[in-house]
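Note sheet for the following structure.
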There are 2 protein chains.
Amino acid sequence: MRTAPTSSTWRLSDAAHALQPSAVRNILQLTQNPEVLSLAGGLPAPEAFPVEALAEASARVWRDQAHRSLQYSTSEGLPALRQWVADHLRAQGHRVQAEQVLITTGSQQGLDLLGKVLIDPGQPVCMGSPTYLGAVQSFSPYRPQWLAWRPDHAVPPQARLAYAVPNFHNPTAHAMGLAERLACVQQVAQAGVPLIEDDPYGALWYDQPPPPSLASLAPDDVVHLGSWSKVLAPGLRLGFLVCPASRMDTLGHRLLLAKQGADLHTSTFDQALVLSLLQQGFSLEGHLQQVRARYRQQRDAMAQALQRHMPPGWHWALPEGGMFFWVQGPPGTCTTALLPRALAQGVAYVPGAAFDLPQPGRAPADAPSAHCMRLSFVTLGPQAIDEAVRRLSQALIPLGDVSCSSP
Amino acid sequence: MRTAPTSSTWRLSDAAHALQPSAVRNILQLTQNPEVLSLAGGLPAPEAFPVEALAEASARVWRDQAHRSLQYSTSEGLPALRQWVADHLRAQGHRVQAEQVLITTGSQQGLDLLGKVLIDPGQPVCMGSPTYLGAVQSFSPYRPQWLAWRPDHAVPPQARLAYAVPNFHNPTAHAMGLAERLACVQQVAQAGVPLIEDDPYGALWYDQPPPPSLASLAPDDVVHLGSWSKVLAPGLRLGFLVCPASRMDTLGHRLLLAKQGADLHTSTFDQALVLSLLQQGFSLEGHLQQVRARYRQQRDAMAQALQRHMPPGWHWALPEGGMFFWVQGPPGTCTTALLPRALAQGVAYVPGAAFDLPQPGRAPADAPSAHCMRLSFVTLGPQAIDEAVRRLSQALIPLGDVSCSSP
């Protein structure tokens with residue numbers, strides 16, 4: 001007689017156990033309720049997508065190159081799109097050739113590939129705290145030792161990489177000035193450590209353009225990541241990575257092999273679509289002016305709403321670009337504990353603790369950013385922003401009874 | 001006086017050094033010469049892409065859901081597309097719910113995610129030798145111990161995974177019969193090891209449909225990978241992974257976190273495009289009948305050409321499906337050494353040694369498949385196939401002077 005099969009427990013890798021959940025993606029689940037006004041996600045305003053121009057570009061691709069854009073293509077990306085990136089960056093003072101450009105499935109993939117080819121378990125990586133939590137998610141399976149770091153501070157030479165978001169940081173909205181940039185690239189050059197410059201927001205400035213990129217200041221020392229997600233549309237998952245010319249035979253070669261194993265190449269059709277858009281009759285600069293005007297107005301609406309509604313003891317700076325206000329509560333506040341009360345009022349945000357570097361077993365209330373919250377101003381229009389901040393203030397006003405040790 | 005900056009050598013990870021190059025992608029570079037008839041790549045015939053139906057589906061997406069299909073979406077994939085996969089697999093006897101389906105950026109990404117969450121360095125994985133080299137590329141950064149394995153042989157319980165391509169294997173074209181399938185799932189169940197069933201070719205049968213999938217025979221023990229690359233178009237990079245229902249809380253949860261870190265999600269637009277195609281007025285089965293008829297004709301043309309042109313001592317079996325002939329030369333032949341002679345005749349193939357499991361320092365001539373070659377019959381039409389095989393035979397006829405120890 002055969003015994004009934006028993007389902008064994010499969011052994012998962014150490015990397016699997018090190019994977020970090022995304023607090024933002026979890027909160028997005030909670031905000032499916034249409035009554036909740038969400039300031040949580042960094043979702044670009046759909047009205048800002050250049051839909052008509054993209055639909056026309058799509059029609060051109062189907063008419064002129066349908067078969068080619070449905071076929072396998074090279075892991076590096078379409079040559080003309082790599083050339084466009086190089087030309088675009090050169091116009092911003094970053095000396096780069098098309099050969100240095102790797103098209104990626106969103107700049108998120110660039111982070112995953114860099115983690116794979118640079119990090120060994122237990123080895124230090126230098127990140128801000130708070131930092132972009134997608135970078136923590138990408139690096140976590142490679143199990144680094146997380147080192148909280150500020151871009152103008154020393155980098156230990158044993159660090160495997162340093163990571164910076166110079167323009168309108170997520171979540172703090174911090175914009176690095178020229179002096180801080182120069183200090184940053186000097187630190188990584190001295191340590192001999194690769195600096196990852198993650199720049200999804202550089203084009204979203206509302207007052208004045210940012211200073212030169214870290215890569216243009218130190219082309220040998222910086223791997224530059226860019227994205228079309230915030231300037232065109234995130235659903236296409238199109239980003240790029242620029243490897244220093246002097247590192248192509250080593251890092252660049254290994255990144256390409258890692259890309260082959262990860263997804264062979266990025267969607268040929270999506271690449272052809274964006275290339276057709278950028279090459280034929282569409283003014284990216286004109287489009288960006290419209291996007292900036294929209295987001296500037298929404299930023300100003302949120303600044304006014306915060307001024308109008310927030311109770312005493314809460315502080316924020318006006319973001320010069322990007323997508324977020326970083327709002328700090330009175331000492332002892334725990335925005336993780338406050339979130340259910342905000343949801344009950346019909347508004348969502350992301351608690352600051354979600355953006356701090358991982359530390360096993362630490363309670364959210366003990367995280368360095370426990371008293372902060374990230375509010376996005378790019379998804380909702382000015383009126384909805386005002387109402388959302390009003391609701392938020394209702395959740396905050398009787399602060400005393402929120403236990404900061406609650407989950 | 002400041003010293004000139006010297007460019008230090010960046011430390012790469014152990015994973016980076018373990019990455020395997022793709023012989024196929026390297027050979028594709030050599031075949032850019034338009035005079036070369038390539039039997040090397042597994043590029044589907046562009047004429048087999050349902051271009052008109054896809055262009056119509058694209059127009060519908062732009063008309064009805066442009067904003068949504070350009071926005072960020074969930075890491076799991078579009079709910080309706082996951083549901084389509086579940087329904088499609090259920091119709092083939094595989095009991096699966098939409099919740100078990102993870103949409104991936106090509107099934108190549110499924111392999112990468114599985115490697116990440118299952119393999120620790122030095123731990124055994126069971127693969128065929130020869131095997132699909134994209135799987136070797138995906139798993140190599142996680143640095144397994146490669147164990148050459150046949151699907152009906154015992155699996156060591158310490159193995160982290162076993163990998164099988166049951167339908168029209170790449171490169172051997174082997175189709176597992178029902179008895180071999182039953183033996184295979186019994187082996188992995190006994191060992192308590194996950195079996196990865198990689199099934200890109202199952203719909204490409206030319207004589208009779210394949211037996212039930214491994215996942216339908218053992219739903220608790222098999223992770224099933226599928227792809228739209230071979231049945232619709234590879235450039236869209238759309239695949240899917242089905243996790244056993246009983247493993248969702250463990251493996252499924254970790255795969256989802258790994259997917260978030262890898263690329264957030266697969267292109268929303270490409271998912272919406274294929275979903276619109278599959279849901280509205282397009283007969284996938286009708287399309288597959290056309291594709292099968294085309295490839296059956298090309299397979300038969302290659303069988304005739306091999307019969308007509310190949311010198312004595314070369315052997316092959318008629319593939320029952322998929323994309324490839326696996327052609328075996330006389331003992332001592334080294335198809336790696338023969339490749340330059342074939343290119344000089346204007347034809348390309350992939351040498352068998354490229355598909356064997358990695359073994360550092362081994363010369364191609366010493367690989368188990370050194371005397372074999374993989375010939376694709378899906379890219380070229382019947383006439384070009386005949387001419388390509390004729391050229392190939394010209395390269396093979398004076399065999400004696402090829403040193404099998406040359407690179």
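Chain labels A, B, ... are given in the sequence in which chains occur in the structure tokens; within each chain residues are numbered consecutively from 1, and ligands are likewise numbered from 1 in the order shown.
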- Query: Got a sec to pull out which chain B residues are within 7 Å of chain A, counting only C-alpha atoms, and send them as an NGL selection string?
  - Reply: :B and (7-8 or 10-16 or 19-21 or 43 or 46 or 51 or 55 or 62 or 66-67 or 69-73 or 105-106 or 108-109 or 112 or 116-120 or 134 or 137-138 or 160 or 192-194 or 220 or 233-237 or 254 or 257-258 or 261-264 or 267-269)
- Query: Near A:Gln304, counting only C-alpha atoms, which residues have an atom at most 12 Å away, once you skip same-chain residues fewer than 4 positions from it, shown as a list in words?
  - Reply: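 The filter keeps Gln297, Gln298, Arg299, Asp300, Arg308, His309, Met310, Trp316, Leu318, Phe377, Pro382, Gln383, Ile385, Asp386, Glu387, Val389 and Arg390 of chain A.
In this model, the gap between atom CA of B:His224 and atom CA of B:Ala173 comes to 19.0 Å.
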- Task: List the neighbours of A:Ala148 out to 9 Å using only C-alpha atoms; skip same-chain residues closer than 4 positions along the sequence, and give me the result as JSON, numbers by chain.
- Result: {"A": [125, 126, 127, 128, 129, 130, 356, 357]}
Output file for the residues above (N, CA and C atoms, as a compact mmCIF listing (two decimals), in the first residue's frame):
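The file below, result_21.txt, is the result:
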```
# COMPACT_ATOMS: atom_id res chain seq x y z
N VAL A 125 27.34 48.34 2.97
CA VAL A 125 26.90 49.30 1.95
C VAL A 125 26.47 50.58 2.68
N CYS A 126 26.79 51.71 2.07
CA CYS A 126 26.53 53.01 2.68
C CYS A 126 25.25 53.59 2.08
N MET A 127 24.25 53.79 2.91
CA MET A 127 22.97 54.34 2.46
C MET A 127 22.53 55.41 3.46
N GLY A 128 21.68 56.30 3.01
CA GLY A 128 21.03 57.19 3.97
C GLY A 128 20.07 56.41 4.85
N SER A 129 19.66 57.01 5.95
CA SER A 129 18.56 56.47 6.76
C SER A 129 17.82 57.68 7.32
N PRO A 130 16.64 57.99 6.77
CA PRO A 130 15.82 57.24 5.83
C PRO A 130 16.42 57.21 4.42
N ASP A 356 13.56 53.78 7.18
CA ASP A 356 14.85 53.62 7.86
C ASP A 356 15.50 52.31 7.48
N LEU A 357 16.82 52.28 7.54
CA LEU A 357 17.53 51.05 7.21
C LEU A 357 17.07 49.93 8.14
```
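Candidate residues A:Gly346, A:Ala367, A:Met373, A:Asn33 were compared for distance to A:Gln394, and the nearest is A:Gly346, using only C-alpha atoms.
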